[in-house]
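What follows is the content of protein35.cif, which has mmCIF, C-alpha atoms:
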data_work
#
loop_
_atom_site.label_atom_id
_atom_site.label_comp_id
_atom_site.auth_asym_id
_atom_site.auth_seq_id
_atom_site.Cartn_x
_atom_site.Cartn_y
_atom_site.Cartn_z
CA MET A 1 -23.31 1.00 14.83
CA ALA A 2 -20.95 -1.92 14.73
CA GLU A 3 -17.27 -1.14 14.36
CA CYS A 4 -16.08 -1.95 10.81
CA ALA A 5 -12.86 -3.60 11.85
CA LEU A 6 -11.53 -7.08 12.40
CA ASN A 7 -12.15 -7.74 16.08
CA LEU A 8 -10.04 -10.72 17.02
CA ALA A 9 -11.57 -12.99 19.58
CA SER A 10 -8.80 -12.95 22.16
CA SER A 11 -8.16 -9.18 22.15
CA PRO A 12 -7.63 -8.07 25.76
CA PRO A 13 -10.34 -5.92 27.38
CA ALA A 14 -7.89 -3.04 27.53
CA LEU A 15 -4.62 -2.69 25.71
CA SER A 16 -1.55 -2.02 27.78
CA ALA A 17 -0.93 1.68 28.31
CA ASN A 18 2.69 1.06 27.41
CA LEU A 19 2.26 -0.78 24.14
CA ARG A 20 5.95 -0.85 23.41
CA ILE A 21 6.75 -2.67 26.65
CA SER A 22 3.84 -5.06 26.59
CA PRO A 23 2.88 -5.64 22.96
CA THR A 24 -0.46 -7.21 22.30
CA ARG A 25 -0.27 -9.97 19.75
CA PHE A 26 -3.06 -11.09 17.49
CA SER A 27 -4.88 -14.24 18.44
CA PRO A 28 -4.72 -17.33 16.22
CA LEU A 29 -6.83 -17.09 13.10
CA ARG A 30 -10.32 -18.43 13.19
CA ARG A 31 -12.77 -18.97 10.37
CA THR A 32 -15.57 -17.58 12.56
CA LEU A 33 -14.04 -14.23 13.46
CA PRO A 34 -16.23 -11.14 13.18
CA LEU A 35 -15.31 -9.30 10.00
CA THR A 36 -15.43 -5.78 8.63
CA SER A 37 -19.11 -5.50 7.87
CA LEU A 38 -21.01 -2.70 9.51
CA SER A 39 -23.98 -5.00 9.46
CA VAL A 40 -22.28 -7.71 11.51
CA ALA A 41 -22.51 -6.70 15.13
CA GLY A 42 -19.48 -7.47 17.24
CA LYS A 43 -19.84 -9.24 15.10
CA PRO A 44 16.85 6.97 -7.60
CA LEU A 45 16.39 6.56 -11.30
CA PHE A 46 18.04 6.71 -14.57
CA CYS A 47 21.49 6.90 -13.15
CA SER A 48 25.01 5.82 -13.72
CA HIS A 49 25.69 2.51 -12.02
CA LEU A 50 28.18 4.35 -9.81
CA HIS A 51 25.54 6.39 -8.05
CA TRP A 52 22.73 4.03 -7.15
CA ARG A 53 21.57 5.47 -3.88
CA ASN A 54 21.57 9.14 -4.76
CA SER A 55 19.72 8.92 -8.03
CA VAL A 56 16.46 10.77 -8.22
CA LEU A 57 13.71 10.92 -10.79
CA SER A 58 11.00 13.52 -10.70
CA THR A 59 7.89 12.79 -12.65
CA ASN A 60 4.96 14.99 -13.42
CA SER A 61 1.94 13.12 -16.33
CA SER A 62 1.11 15.09 -19.53
CA ARG A 63 4.43 14.94 -21.33
CA SER A 64 7.82 13.30 -20.86
CA GLN A 65 11.14 15.05 -20.64
CA PHE A 66 14.51 13.96 -19.34
CA ARG A 67 17.33 16.15 -18.14
CA THR A 68 20.24 13.96 -17.14
CA LYS A 69 23.13 15.32 -15.17
CA SER A 70 25.49 13.00 -13.37
CA SER A 71 23.29 10.73 -11.23
CA MET A 72 20.11 12.72 -11.51
CA ALA A 73 17.33 12.79 -14.09
CA GLU A 74 13.98 14.50 -14.18
CA LYS A 75 11.02 13.19 -16.05
CA VAL A 76 7.95 15.33 -16.48
CA THR A 77 4.82 13.17 -16.87
CA GLY A 78 1.43 14.71 -15.07
CA LYS A 79 0.32 15.95 -11.75
CA SER A 80 2.66 14.17 -9.36
CA LYS A 81 6.38 14.31 -8.85
CA ALA A 82 8.10 11.07 -8.11
CA GLU A 83 11.41 10.37 -6.47
CA VAL A 84 13.04 7.15 -7.55
CA LYS A 85 15.63 5.57 -5.31
CA VAL A 86 17.75 2.57 -6.24
CA TYR A 87 19.53 0.46 -3.64
CA ASP A 88 22.38 -2.03 -3.93
CA SER A 89 20.30 -4.76 -2.32
CA GLU A 90 16.81 -5.60 -1.17
CA GLU A 91 18.12 -5.46 2.39
CA GLU A 92 19.10 -1.80 1.98
CA LEU A 93 15.75 -1.11 0.34
CA ALA A 94 13.94 -2.61 3.33
CA VAL A 95 15.94 -0.44 5.74
CA ALA A 96 15.05 2.68 3.75
CA LEU A 97 11.40 1.72 3.44
CA ALA A 98 11.13 1.25 7.19
CA LYS A 99 12.58 4.72 7.86
CA TYR A 100 10.27 6.25 5.25
CA THR A 101 7.23 4.67 6.84
CA ALA A 102 8.25 5.45 10.42
CA ASP A 103 8.90 9.10 9.53
CA LEU A 104 5.45 9.40 7.98
CA SER A 105 3.91 7.70 10.99
CA GLU A 106 5.48 10.25 13.32
CA LYS A 107 4.32 13.12 11.12
CA PHE A 108 0.70 12.07 10.81
CA CYS A 109 0.34 10.92 14.41
CA LYS A 110 1.36 14.41 15.48
CA GLU A 111 -0.84 16.15 12.92
CA ARG A 112 -4.04 14.15 13.17
CA ASP A 113 -3.56 11.62 15.97
CA ALA A 114 -3.95 8.74 13.50
CA PHE A 115 -2.01 7.09 10.69
CA THR A 116 -3.92 5.37 7.90
CA VAL A 117 -1.76 2.80 6.09
CA VAL A 118 -2.69 0.77 3.03
CA VAL A 119 -0.65 -2.30 2.14
CA SER A 120 -0.61 -4.70 -0.77
CA GLY A 121 0.35 -8.34 -0.83
CA GLY A 122 3.26 -10.04 -2.56
CA SER A 123 6.86 -9.13 -1.79
CA LEU A 124 5.84 -5.83 -0.17
CA ILE A 125 5.18 -7.46 3.18
CA LYS A 126 8.68 -8.98 3.30
CA SER A 127 10.13 -5.54 2.56
CA LEU A 128 8.37 -4.16 5.65
CA ARG A 129 10.25 -6.51 7.99
CA LYS A 130 12.62 -3.83 9.33
CA LEU A 131 9.66 -2.04 10.90
CA VAL A 132 9.28 -4.87 13.39
CA GLU A 133 12.91 -4.59 14.50
CA PRO A 134 14.63 -1.96 16.66
CA PRO A 135 14.49 0.96 16.65
CA TYR A 136 11.07 1.11 15.03
CA ILE A 137 9.31 -1.62 16.96
CA ASP A 138 9.92 0.50 20.07
CA SER A 139 9.58 4.02 18.65
CA VAL A 140 6.54 3.85 16.37
CA ASP A 141 3.22 4.67 18.01
CA TRP A 142 1.43 1.56 16.79
CA SER A 143 -1.70 2.43 18.75
CA LYS A 144 -2.53 5.12 16.20
CA TRP A 145 -2.08 2.95 13.10
CA HIS A 146 -5.07 1.91 11.02
CA VAL A 147 -4.23 -0.77 8.44
CA PHE A 148 -6.11 -1.45 5.19
CA TRP A 149 -5.58 -3.54 2.06
CA VAL A 150 -5.39 -2.06 -1.45
CA ASP A 151 -6.75 -5.37 -2.68
CA GLU A 152 -7.64 -8.74 -1.35
CA ARG A 153 -8.43 -12.20 -2.64
CA VAL A 154 -11.90 -13.35 -1.66
CA VAL A 155 -10.79 -16.43 0.25
CA PRO A 156 -10.89 -17.35 3.95
CA LYS A 157 -8.39 -15.50 6.10
CA ASP A 158 -6.45 -18.67 6.81
CA HIS A 159 -6.14 -19.54 3.10
CA PRO A 160 -2.61 -19.46 1.58
CA ASP A 161 -3.81 -16.93 -1.04
CA SER A 162 -5.05 -14.44 1.55
CA ASN A 163 -3.26 -11.09 1.64
CA TYR A 164 -4.47 -10.77 5.21
CA LEU A 165 -2.72 -14.00 6.20
CA LEU A 166 0.49 -12.86 4.46
CA ALA A 167 0.42 -9.58 6.37
CA TYR A 168 -0.50 -11.30 9.61
CA ASP A 169 2.38 -13.75 9.44
CA GLY A 170 4.99 -11.27 8.24
CA PHE A 171 3.98 -8.08 10.00
CA LEU A 172 0.76 -7.69 11.95
CA SER A 173 1.40 -10.49 14.43
CA LYS A 174 4.69 -8.83 15.39
CA ILE A 175 3.48 -5.32 16.23
CA PRO A 176 1.27 -4.07 19.09
CA ILE A 177 -1.45 -2.60 16.90
CA PRO A 178 -4.97 -2.64 18.34
CA ALA A 179 -6.95 -5.44 16.75
CA GLY A 180 -9.82 -3.06 16.01
CA HIS A 181 -7.52 -0.98 13.80
CA VAL A 182 -7.06 -3.77 11.25
CA TYR A 183 -9.63 -3.57 8.47
CA ALA A 184 -9.94 -6.91 6.74
CA ILE A 185 -12.60 -7.89 4.24
CA ASN A 186 -15.70 -9.86 5.08
CA ASP A 187 -14.70 -13.13 3.43
CA ALA A 188 -18.11 -14.64 4.08
CA LEU A 189 -19.52 -12.51 1.25
CA SER A 190 -19.30 -12.77 -2.51
CA ALA A 191 -16.67 -10.67 -4.30
CA GLU A 192 -19.30 -8.05 -5.12
CA GLY A 193 -20.69 -8.09 -1.59
CA ALA A 194 -17.23 -7.87 -0.02
CA ALA A 195 -16.34 -4.87 -2.20
CA ASP A 196 -19.57 -3.06 -1.28
CA ASP A 197 -19.04 -3.89 2.38
CA TYR A 198 -15.46 -2.59 2.36
CA GLU A 199 -16.54 0.66 0.73
CA THR A 200 -19.26 1.04 3.36
CA CYS A 201 -16.60 0.56 6.02
CA LEU A 202 -14.43 3.29 4.47
CA ARG A 203 -17.38 5.68 4.32
CA HIS A 204 -18.06 5.08 8.00
CA LEU A 205 -14.40 5.81 8.83
CA VAL A 206 -14.60 9.08 6.88
CA LYS A 207 -17.64 10.10 8.90
CA SER A 208 -15.86 9.23 12.14
CA LYS A 209 -12.83 11.33 11.07
CA ILE A 210 -10.39 8.42 11.18
CA LEU A 211 -9.99 8.59 7.42
CA ASP A 212 -9.54 11.88 5.58
CA ILE A 213 -11.41 12.84 2.43
CA SER A 214 -9.62 14.53 -0.48
CA LYS A 215 -10.81 18.07 -1.06
CA GLU A 216 -9.56 17.76 -4.63
CA SER A 217 -11.22 14.51 -5.64
CA GLY A 218 -13.84 13.73 -3.02
CA PHE A 219 -12.39 10.24 -2.57
CA PRO A 220 -10.84 8.93 0.67
CA LYS A 221 -7.32 10.18 1.27
CA PHE A 222 -5.03 7.70 2.98
CA ASP A 223 -1.85 8.91 4.66
CA VAL A 224 0.30 6.36 2.85
CA MET A 225 -0.07 3.43 0.49
CA LEU A 226 2.76 0.88 0.53
CA LEU A 227 2.46 -0.98 -2.74
CA GLY A 228 4.20 -3.60 -4.81
CA MET A 229 3.96 -4.23 -8.53
CA GLY A 230 3.39 -7.39 -10.49
CA PRO A 231 5.74 -8.51 -13.29
CA ASP A 232 3.06 -7.46 -15.79
CA GLY A 233 2.85 -3.95 -14.32
CA HIS A 234 -0.35 -4.46 -12.34
CA VAL A 235 -0.93 -2.73 -9.05
CA ALA A 236 -3.59 -3.72 -6.55
CA SER A 237 -5.87 -6.00 -8.59
CA LEU A 238 -5.89 -3.57 -11.51
CA PHE A 239 -4.46 -5.48 -14.46
CA PRO A 240 -3.22 -4.32 -17.90
CA GLY A 241 -6.08 -4.06 -20.36
CA HIS A 242 -8.80 -4.78 -17.83
CA PRO A 243 -11.82 -2.43 -17.80
CA LEU A 244 -11.47 -1.82 -14.05
CA VAL A 245 -8.44 0.42 -14.62
CA HIS A 246 -10.94 2.97 -15.97
CA GLU A 247 -13.42 2.85 -13.07
CA LYS A 248 -14.09 6.44 -11.99
CA GLU A 249 -16.97 6.28 -9.51
CA LYS A 250 -16.54 3.44 -7.04
CA TRP A 251 -14.14 3.49 -4.13
CA VAL A 252 -13.84 -0.28 -4.00
CA THR A 253 -14.75 -2.68 -6.76
CA PHE A 254 -14.56 -6.38 -7.49
CA ILE A 255 -13.12 -8.67 -10.13
CA LYS A 256 -14.20 -12.22 -10.89
CA ASP A 257 -11.87 -12.89 -13.82
CA SER A 258 -8.45 -11.96 -12.46
CA PRO A 259 -5.68 -12.91 -14.95
CA LYS A 260 -3.77 -14.09 -11.92
CA PRO A 261 -5.40 -16.62 -9.59
CA PRO A 262 -7.42 -16.65 -7.54
CA PRO A 263 -10.04 -15.07 -9.83
CA ASN A 264 -12.30 -13.46 -7.21
CA ARG A 265 -10.89 -10.30 -5.64
CA ILE A 266 -11.74 -6.85 -4.40
CA THR A 267 -9.59 -3.79 -5.12
CA PHE A 268 -9.32 -0.07 -4.54
CA THR A 269 -9.91 1.93 -7.70
CA PHE A 270 -7.47 4.44 -9.20
CA PRO A 271 -9.41 7.48 -7.93
CA VAL A 272 -8.84 6.21 -4.38
CA ILE A 273 -5.23 5.20 -4.97
CA ASN A 274 -4.43 8.55 -6.58
CA SER A 275 -6.07 10.56 -3.80
CA SER A 276 -3.36 9.38 -1.38
CA ALA A 277 -1.11 11.77 0.50
CA ASN A 278 1.85 9.46 -0.10
CA ILE A 279 2.54 6.34 -2.15
CA ALA A 280 5.62 4.12 -1.99
CA LEU A 281 6.19 1.56 -4.74
CA ALA A 282 8.61 -1.12 -3.55
CA ILE A 283 9.90 -3.21 -6.47
CA VAL A 284 12.65 -5.80 -6.34
CA GLY A 285 14.16 -8.37 -8.67
CA ALA A 286 15.41 -8.66 -12.24
CA GLY A 287 12.08 -10.19 -13.25
CA LYS A 288 10.49 -6.75 -13.04
CA ALA A 289 13.28 -4.83 -14.82
CA ASP A 290 11.49 -4.73 -18.18
CA VAL A 291 8.35 -3.22 -16.68
CA VAL A 292 10.37 -0.73 -14.63
CA HIS A 293 12.15 0.33 -17.83
CA LYS A 294 8.87 0.72 -19.68
CA SER A 295 7.42 2.74 -16.81
CA LEU A 296 10.36 5.00 -16.04
CA GLY A 297 12.64 4.78 -19.07
CA ASP A 298 12.23 6.29 -22.54
CA ASP A 299 9.47 4.01 -23.77
CA LYS A 300 7.09 5.99 -26.00
CA SER A 301 4.21 3.52 -25.97
CA SER A 302 0.76 5.06 -25.65
CA ASP A 303 -0.56 2.01 -23.80
CA LEU A 304 -0.05 2.77 -20.13
CA LEU A 305 0.50 -0.03 -17.68
CA PRO A 306 -1.46 0.23 -14.43
CA VAL A 307 1.70 1.12 -12.50
CA GLN A 308 2.15 4.11 -14.85
CA MET A 309 -1.30 5.29 -13.84
CA VAL A 310 -0.24 5.70 -10.22
CA SER A 311 -0.19 9.48 -9.80
CA PRO A 312 -1.12 10.60 -6.28
CA GLU A 313 -2.15 14.02 -5.10
CA GLY A 314 0.81 13.90 -2.75
CA GLU A 315 4.27 12.37 -3.08
CA LEU A 316 5.29 9.24 -4.96
CA VAL A 317 8.52 7.37 -4.19
CA TRP A 318 9.80 4.37 -6.14
CA PHE A 319 12.01 2.08 -4.04
CA LEU A 320 14.00 -0.17 -6.41
CA ASP A 321 16.81 -2.60 -5.86
CA LYS A 322 19.54 -2.53 -8.51
CA ASP A 323 18.22 -5.67 -10.18
CA ALA A 324 14.81 -4.10 -10.77
CA ALA A 325 16.54 -0.95 -12.07
CA SER A 326 19.10 -2.84 -14.18
CA LYS A 327 17.61 -1.84 -17.55
CA LEU A 328 17.25 1.86 -16.85
#
Go ahead and render the structure in this file as C-alpha cells.
Amino acid sequence: MAECALNLASSPPALSANLRISPTRFSPLRRTLPLTSLSVAGKPLFCSHLHWRNSVLSTNSSRSQFRTKSSMAEKVTGKSKAEVKVYDSEEELAVALAKYTADLSEKFCKERDAFTVVVSGGSLIKSLRKLVEPPYIDSVDWSKWHVFWVDERVVPKDHPDSNYLLAYDGFLSKIPIPAGHVYAINDALSAEGAADDYETCLRHLVKSKILDISKESGFPKFDVMLLGMGPDGHVASLFPGHPLVHEKEKWVTFIKDSPKPPPNRITFTFPVINSSANIALAIVGAGKADVVHKSLGDDKSSDLLPVQMVSPEGELVWFLDKDAASKL
C-alpha cells in the first residue's frame, strides 16, 4: 500500500542519524509531487490588567459560572477545562507556545514514539517561529513528528492561498522532519475527492498505529492541535452559521461555498477536533478582541461561535496577547 504522505522528490535515501546536526530540508515545491492519496503509488483570562501572565480561566460546557479572585477566574461551560493565558506581546506568546509544544513533543515521543501535530493556517504559523530557534531546533526530536492540517484550501501547493505553502515557508522548511511525515492534501482532486482521500489517509494511519483512536468517541485522537481563530470566530474551515459545524459522522469534509475565499476547502469536523488530547488556540490582535470577549466573557448569547464549540477530550489552552484580551 502506498504511503499516504507527501513524498518530496529530493528527499535523501536515508535521513541523517543525527538530524539535529545535519537537518534535512524540504526540496523546492513542484506541481507534480506525489500527494497524500493511498491510491497514488510513490506516487490567562478575565484578569486585572496588572496580572496578565498569571491569569487563568477554567472552562467546563453545560453552564457558565465565574468566580473571580485577584487575577484568576473560573468559568464552567461543558466537558473540558481550559486555561487561558494572556501575554504582554505576541513575541512573549510565541515563546510560550514554543515551550508548550516542545514539552508535549517530549512527552508523547517518550510515551508512544510519535507525535501527531495538527496545524492551521493564518497567523498561527508565524507564532510557531520560536520552535525553529534554539533551544528547540536542537532539542526536539523532529524525526518523530507527524504533521497534518486542520483545514486546507483546494489549490496547488505553490499557490499563495495554500496553507501548506504557508507552513512550508514559515516552519516546515526550517526543521529536519522526514518528508514522509508531512501529510498534505491531494490537490489534484476536487474538494470532495480531496476530503475523502485525506480521511482515507487518516484511517490508514490509525491502522498502522501512528495515529491514536479515541476510546470515548471513536474518532482519531491527535496529540495536539495548534489552531488559530478567524475574526468571525471560525476555526478550521468551520464558519458561523454553516451547516458543517453540525457534521457528526465524517472525519474530514469539504466546503465549496466558504464565506472567506477561496471557496473550495477541506476541513476536519468537530468530532475529530474535539477528540484531541490537547488543543492550543493562539489568538493575537485587537481585531479579534470582540470575538474573544463573546467566547470567554459574560456574553449570554445562545448562538455559539465555532470557536466556542472547541471542547477537547483533553486539555485546552488559550494563548492570547493583551490586545486580543483587551475587552475581557
Do you know which residues are at most 8 Å from Glu90 in chain A counting only C-alpha atoms, after dropping those on the same chain fewer than 5 positions away, and could you put them as a PyMOL selection string? chain A and resi 127+284+321
A:Ser143, A:Asn264, A:Ser295, A:Asn278 ranked by distance to Tyr100 in chain A, top pick (using all atoms listed in the file): A:Asn278
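Distance annotation: of A:Val147, A:Val317, A:Glu192, A:Pro262, the residue with the minimal separation from His159 in chain A is A:Pro262; atom set is only C-alpha atoms.
Minimum atom-to-atom distances from A:Lys174, A:Lys327, A:Arg112, A:Lys322 to Asp290 in chain A were compared using all atoms listed in the file, and the lowest value belongs to A:Lys327.
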Convert the output of the PyMOL selection byres ((chain A and resi 325) around 8) on the shown file into explicit residues, formatted as a PDB file with C-alpha atoms, in the frame of the given file.
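Wrote result36.pdb, looks like this:
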ATOM      1  CA  LEU A  45      16.390   6.560 -11.300  1.00  0.00           C
ATOM      2  CA  VAL A  86      17.750   2.570  -6.240  1.00  0.00           C
ATOM      3  CA  ALA A 286      15.410  -8.660 -12.240  1.00  0.00           C
ATOM      4  CA  ALA A 289      13.280  -4.830 -14.820  1.00  0.00           C
ATOM      5  CA  VAL A 292      10.370  -0.730 -14.630  1.00  0.00           C
ATOM      6  CA  HIS A 293      12.150   0.330 -17.830  1.00  0.00           C
ATOM      7  CA  LEU A 320      14.000  -0.170  -6.410  1.00  0.00           C
ATOM      8  CA  ASP A 321      16.810  -2.600  -5.860  1.00  0.00           C
ATOM      9  CA  LYS A 322      19.540  -2.530  -8.510  1.00  0.00           C
ATOM     10  CA  ASP A 323      18.220  -5.670 -10.180  1.00  0.00           C
ATOM     11  CA  ALA A 324      14.810  -4.100 -10.770  1.00  0.00           C
ATOM     12  CA  SER A 326      19.100  -2.840 -14.180  1.00  0.00           C
ATOM     13  CA  LYS A 327      17.610  -1.840 -17.550  1.00  0.00           C
ATOM     14  CA  LEU A 328      17.250   1.860 -16.850  1.00  0.00           C
TER      15      LEU A 328
END
Nearest-residue call for Ile125 in chain A, choices A:Ala191, A:Leu211, A:Ala98, A:Cys109, using all atoms listed in the file: A:Ala98
Evaluating the PyMOL selection byres ((chain A and resi 205-210) around 12) on the displayed file yields which residues, as a PyMOL selection string? chain A and resi 1-5+36+38+108-109+112-117+144-148+181+183+198-204+211-214+218-223
Need to verify the contact set: Leu227 in chain A, 12 Å, only C-alpha atoms, exclusion of same-chain residues closer than 3 positions in sequence. Can you return it as a PyMOL selection string? chain A and resi 97+117-128+148-151+224+230+233-237+268+273+276+278-284+307+310+316-319
For the atom pair CA of Lys215 in chain A and CA of Glu313 in chain A, what is the interatomic distance in Å to one decimal place? 10.4 Å
List every protein, DNA or RNA residue with an atom no more than 10 Å from (16.4, 5.6, 14.1) in the file's coordinates, counting only C-alpha atoms, and format the result as a list of chain:residue names. A:Ala98, A:Lys99, A:Ala102, A:Asp103, A:Pro134, A:Pro135, A:Tyr136, A:Ser139
